[in-house]
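A.B. asks: Dropping in query.pdb, which is PDB, C-alpha atoms, pLDDT in the B column:
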ATOM      1  CA  MET O 793      23.877   7.069  13.918  1.00 90.00           C
ATOM      2  CA  ALA O 794      21.265   4.579  12.797  1.00 98.00           C
ATOM      3  CA  TYR O 795      17.614   4.998  11.908  1.00 98.00           C
ATOM      4  CA  ILE O 796      14.579   2.802  11.548  1.00 98.00           C
ATOM      5  CA  GLY O 797      11.464   3.825   9.725  1.00 98.00           C
ATOM      6  CA  PHE O 798       7.897   2.793   9.144  1.00 98.00           C
ATOM      7  CA  ALA O 799       6.134   3.586   5.890  1.00 97.00           C
ATOM      8  CA  LYS O 800       2.577   3.121   4.700  1.00 97.00           C
ATOM      9  CA  THR O 801       2.012   3.116   0.975  1.00 96.00           C
ATOM     10  CA  ASP O 802      -0.700   2.813  -1.608  1.00 95.00           C
ATOM     11  CA  LEU O 803       1.906   1.996  -4.286  1.00 93.00           C
ATOM     12  CA  GLY O 804       3.397  -1.247  -5.579  1.00 89.00           C
ATOM     13  CA  PRO O 805       6.765  -2.544  -4.295  1.00 91.00           C
ATOM     14  CA  TYR O 806       8.961  -0.918  -6.969  1.00 92.00           C
ATOM     15  CA  GLU O 807       7.218   2.450  -6.729  1.00 95.00           C
ATOM     16  CA  THR O 808       7.321   2.294  -2.918  1.00 95.00           C
ATOM     17  CA  TYR O 809      11.083   1.675  -2.987  1.00 96.00           C
ATOM     18  CA  SER O 810      11.610   4.682  -5.271  1.00 97.00           C
ATOM     19  CA  ARG O 811       9.292   6.882  -3.206  1.00 97.00           C
ATOM     20  CA  ILE O 812      11.090   6.011   0.051  1.00 98.00           C
ATOM     21  CA  LEU O 813      14.479   6.880  -1.478  1.00 98.00           C
ATOM     22  CA  GLU O 814      13.097  10.173  -2.838  1.00 98.00           C
ATOM     23  CA  GLU O 815      11.655  11.052   0.574  1.00 98.00           C
ATOM     24  CA  LEU O 816      14.951  10.297   2.331  1.00 98.00           C
ATOM     25  CA  GLU O 817      16.804  12.563  -0.107  1.00 98.00           C
ATOM     26  CA  ARG O 818      14.194  15.276   0.458  1.00 98.00           C
ATOM     27  CA  ARG O 819      14.915  15.005   4.194  1.00 97.00           C
ATOM     28  CA  GLY O 820      18.639  15.561   3.617  1.00 98.00           C
ATOM     29  CA  PHE O 821      20.019  12.017   3.468  1.00 98.00           C
ATOM     30  CA  LYS O 822      22.605  11.426   0.727  1.00 98.00           C
ATOM     31  CA  ILE O 823      22.154   7.806  -0.341  1.00 98.00           C
ATOM     32  CA  LYS O 824      25.296   5.765  -0.985  1.00 98.00           C
ATOM     33  CA  PHE O 825      23.706   2.318  -1.397  1.00 98.00           C
ATOM     34  CA  SER O 826      20.260   0.782  -1.038  1.00 98.00           C
ATOM     35  CA  LYS O 827      18.503  -2.553  -1.393  1.00 97.00           C
ATOM     36  CA  HIS O 828      14.926  -3.750  -1.198  1.00 95.00           C
ATOM     37  CA  HIS O 829      13.493  -6.994   0.190  1.00 92.00           C
ATOM     38  CA  TRP O 830       9.914  -8.207  -0.219  1.00 87.00           C
ATOM     39  CA  ALA O 831       7.990 -11.363  -1.017  1.00 80.00           C
ATOM     40  CA  GLY O 832       5.391 -11.265  -3.771  1.00 76.00           C
ATOM     41  CA  ASP O 833       2.634 -12.704  -1.604  1.00 74.00           C
ATOM     42  CA  MET O 834       3.118 -10.338   1.364  1.00 76.00           C
ATOM     43  CA  PRO O 835       1.833  -6.757   1.551  1.00 82.00           C
ATOM     44  CA  PHE O 836       5.040  -5.371   3.077  1.00 88.00           C
ATOM     45  CA  GLY O 837       8.789  -5.153   2.575  1.00 94.00           C
ATOM     46  CA  LEU O 838      12.065  -3.740   3.861  1.00 96.00           C
ATOM     47  CA  VAL O 839      14.306  -1.047   2.389  1.00 98.00           C
ATOM     48  CA  ILE O 840      17.889  -0.902   3.696  1.00 98.00           C
ATOM     49  CA  VAL O 841      19.949   2.224   2.992  1.00 98.00           C
ATOM     50  CA  GLU O 842      23.515   3.343   3.629  1.00 98.00           C
ATOM     51  CA  SER O 843      23.637   7.140   3.780  1.00 98.00           C
ATOM     52  CA  ASP O 844      25.989   9.942   4.734  1.00 98.00           C
ATOM     53  CA  ARG O 845      24.076  10.279   8.034  1.00 97.00           C
ATOM     54  CA  GLY O 846      24.072   6.588   8.949  1.00 97.00           C
ATOM     55  CA  ASN O 847      22.360   3.343   8.081  1.00 98.00           C
ATOM     56  CA  ILE O 848      18.584   3.225   7.715  1.00 99.00           C
ATOM     57  CA  ALA O 849      16.070   0.375   7.608  1.00 98.00           C
ATOM     58  CA  ILE O 850      12.479   1.116   6.651  1.00 98.00           C
ATOM     59  CA  ARG O 851       9.672  -1.414   6.930  1.00 97.00           C
ATOM     60  CA  TRP O 852       6.771  -0.619   4.605  1.00 96.00           C
ATOM     61  CA  ALA O 853       3.220  -1.926   4.503  1.00 94.00           C
ATOM     62  CA  LEU O 854       0.178  -1.230   2.377  1.00 93.00           C
ATOM     63  CA  GLY O 855      -1.985   1.688   3.451  1.00 93.00           C
ATOM     64  CA  LYS O 856      -4.317   4.339   2.040  1.00 95.00           C
ATOM     65  CA  THR O 857      -1.663   7.002   1.346  1.00 95.00           C
ATOM     66  CA  PHE O 858       2.124   7.340   1.521  1.00 96.00           C
ATOM     67  CA  GLU O 859       3.483   8.193   4.975  1.00 97.00           C
ATOM     68  CA  LEU O 860       7.008   7.820   6.375  1.00 98.00           C
ATOM     69  CA  ARG O 861       8.121   8.061   9.997  1.00 98.00           C
ATOM     70  CA  ILE O 862      11.814   7.787  10.945  1.00 98.00           C
ATOM     71  CA  GLU O 863      13.411   7.538  14.369  1.00 98.00           C
ATOM     72  CA  GLU O 864      17.018   7.444  15.539  1.00 98.00           C
ATOM     73  CA  VAL O 865      18.095   4.180  17.216  1.00 98.00           C
ATOM     74  CA  SER O 866      21.246   2.349  18.284  1.00 97.00           C
ATOM     75  CA  ASP O 867      23.159   0.177  15.821  1.00 97.00           C
ATOM     76  CA  GLU O 868      22.101  -2.864  17.857  1.00 97.00           C
ATOM     77  CA  ASP O 869      18.410  -1.941  17.537  1.00 97.00           C
ATOM     78  CA  LEU O 870      18.843  -1.377  13.789  1.00 98.00           C
ATOM     79  CA  ASN O 871      20.398  -4.817  13.315  1.00 97.00           C
ATOM     80  CA  GLU O 872      17.660  -6.480  15.368  1.00 97.00           C
ATOM     81  CA  PHE O 873      14.974  -4.642  13.361  1.00 96.00           C
ATOM     82  CA  ILE O 874      16.537  -5.833  10.079  1.00 96.00           C
ATOM     83  CA  ASP O 875      16.976  -9.422  11.284  1.00 94.00           C
ATOM     84  CA  ASP O 876      13.410  -9.656  12.617  1.00 92.00           C
ATOM     85  CA  THR O 877      11.906  -8.218   9.436  1.00 90.00           C
ATOM     86  CA  LEU O 878      13.956 -10.416   7.087  1.00 90.00           C
ATOM     87  CA  GLU O 879      13.074 -13.483   9.155  1.00 87.00           C
ATOM     88  CA  TYR O 880       9.383 -12.646   8.864  1.00 83.00           C
ATOM     89  CA  ILE O 881       9.611 -11.998   5.117  1.00 82.00           C
ATOM     90  CA  SER O 882      11.412 -15.307   4.516  1.00 78.00           C
ATOM     91  CA  GLY O 883       8.864 -17.220   6.602  1.00 67.00           C
ATOM     92  CA  ASP O 884      11.403 -18.640   9.082  1.00 59.00           C
TER      93      ASP O 884
END
Can you give me the file's structure in the form of structure tokens?
C.D. replies:
Amino acid sequence: MAYIGFAKTDLGPYETYSRILEELERRGFKIKFSKHHWAGDMPFGLVIVESDRGNIAIRWALGKTFELRIEEVSDEDLNEFIDDTLEYISGD
């Protein structure tokens, strides 16, 4: 199983990363590995997680409060979501 997510946050990048991981654990995901991508001049980033329930990629952007929505997708859709987001972050 694979998941993609969309988060809105009123926190900085480091705090957002921590908050997303906490929220995933609260929802029953056991995190095995995680990494965080963002560029200092962009108001969004990407958190990639390996968990006991599958791989997860969450794109976050600035908002008024913290919100997180997750949906189940195919592995192919997950990889495309990650590639597209990383390409946008890197400016390619």
A.B. asks: Applying the PyMOL selection byres ((chain O and resi 846) around 8) to the file I just gave you, which residues come out? Please list them as an NGL selection string.
C.D. replies: :O and (793-795 or 842-845 or 847-848)
A.B. asks: Return as a PyMOL selection string the set of residues that the PyMOL selection byres ((chain O and resi 874) around 12) yields on the displayed structure.
C.D. replies: chain O and resi 794-797+828-829+837-841+847-851+867-873+875-881
A.B. asks: For the provided coordinates, the residues matched by the PyMOL selection byres ((chain O and resi 835) around 6) should be stated as a PDB file with C-alpha atoms, in the coordinates of the input.
C.D. replies:
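Heads up, here's the output in result23.pdb:
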ATOM      1  CA  MET O 834       3.118 -10.338   1.364  1.00 76.00           C
ATOM      2  CA  PHE O 836       5.040  -5.371   3.077  1.00 88.00           C
ATOM      3  CA  ALA O 853       3.220  -1.926   4.503  1.00 94.00           C
ATOM      4  CA  LEU O 854       0.178  -1.230   2.377  1.00 93.00           C
TER       5      LEU O 854
END
A.B. asks: Go through O:Ala831, O:Leu803, O:Ile823, O:Ile812 one by one, measure the shortest atom-to-atom distance of each to Arg861 of chain O using all atoms listed in the file, and give the residue with the smallest value.
C.D. replies: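 Comparing O:Ala831, O:Leu803, O:Ile823, O:Ile812 against Arg861 of chain O, the winner is O:Ile812.
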A.B. asks: Give me the residues within 12 Å of Glu815 of chain O as a list of chain:residue names, counting all atoms listed in the file and dropping any in the same chain fewer than 2 places off.
C.D. replies: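 Here the qualifying residues turn out to be O:Gly797, O:Ala799, O:Thr808, O:Tyr809, O:Ser810, O:Arg811, O:Ile812, O:Leu813, O:Glu817, O:Arg818, O:Arg819, O:Gly820, O:Phe821, O:Lys822, O:Ile823, O:Ile850, O:Phe858, O:Glu859, O:Leu860, O:Arg861, O:Ile862.
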A.B. asks: Output C-alpha atoms of each residue in that selection to a file, as a PDB file, keeping the file's coordinate frame.
C.D. replies:
ATOM      1  CA  GLY O 797      11.464   3.825   9.725  1.00 98.00           C
ATOM      2  CA  ALA O 799       6.134   3.586   5.890  1.00 97.00           C
ATOM      3  CA  THR O 808       7.321   2.294  -2.918  1.00 95.00           C
ATOM      4  CA  TYR O 809      11.083   1.675  -2.987  1.00 96.00           C
ATOM      5  CA  SER O 810      11.610   4.682  -5.271  1.00 97.00           C
ATOM      6  CA  ARG O 811       9.292   6.882  -3.206  1.00 97.00           C
ATOM      7  CA  ILE O 812      11.090   6.011   0.051  1.00 98.00           C
ATOM      8  CA  LEU O 813      14.479   6.880  -1.478  1.00 98.00           C
ATOM      9  CA  GLU O 817      16.804  12.563  -0.107  1.00 98.00           C
ATOM     10  CA  ARG O 818      14.194  15.276   0.458  1.00 98.00           C
ATOM     11  CA  ARG O 819      14.915  15.005   4.194  1.00 97.00           C
ATOM     12  CA  GLY O 820      18.639  15.561   3.617  1.00 98.00           C
ATOM     13  CA  PHE O 821      20.019  12.017   3.468  1.00 98.00           C
ATOM     14  CA  LYS O 822      22.605  11.426   0.727  1.00 98.00           C
ATOM     15  CA  ILE O 823      22.154   7.806  -0.341  1.00 98.00           C
ATOM     16  CA  ILE O 850      12.479   1.116   6.651  1.00 98.00           C
ATOM     17  CA  PHE O 858       2.124   7.340   1.521  1.00 96.00           C
ATOM     18  CA  GLU O 859       3.483   8.193   4.975  1.00 97.00           C
ATOM     19  CA  LEU O 860       7.008   7.820   6.375  1.00 98.00           C
ATOM     20  CA  ARG O 861       8.121   8.061   9.997  1.00 98.00           C
ATOM     21  CA  ILE O 862      11.814   7.787  10.945  1.00 98.00           C
TER      22      ILE O 862
END
A.B. asks: One decimal, in Å: what's the spacing between atom CA of Thr801 of chain O and atom CA of Lys856 of chain O?
C.D. replies: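 Result for atom CA of Thr801 of chain O versus atom CA of Lys856 of chain O: 6.5 Å, one decimal.
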A.B. asks: When you draw a straight line from atom CA of Asp802 of chain O to atom CA of Glu863 of chain O, how long is it in Å?
C.D. replies: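 Value for the atom CA of Asp802 of chain O-atom CA of Glu863 of chain O distance: 21.8 Å.
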A.B. asks: May I ask for the distance between atom CA of Glu814 of chain O and atom CA of Ser882 of chain O, given in Å to one decimal place?
C.D. replies: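 Those two atoms sit 26.6 Å apart.
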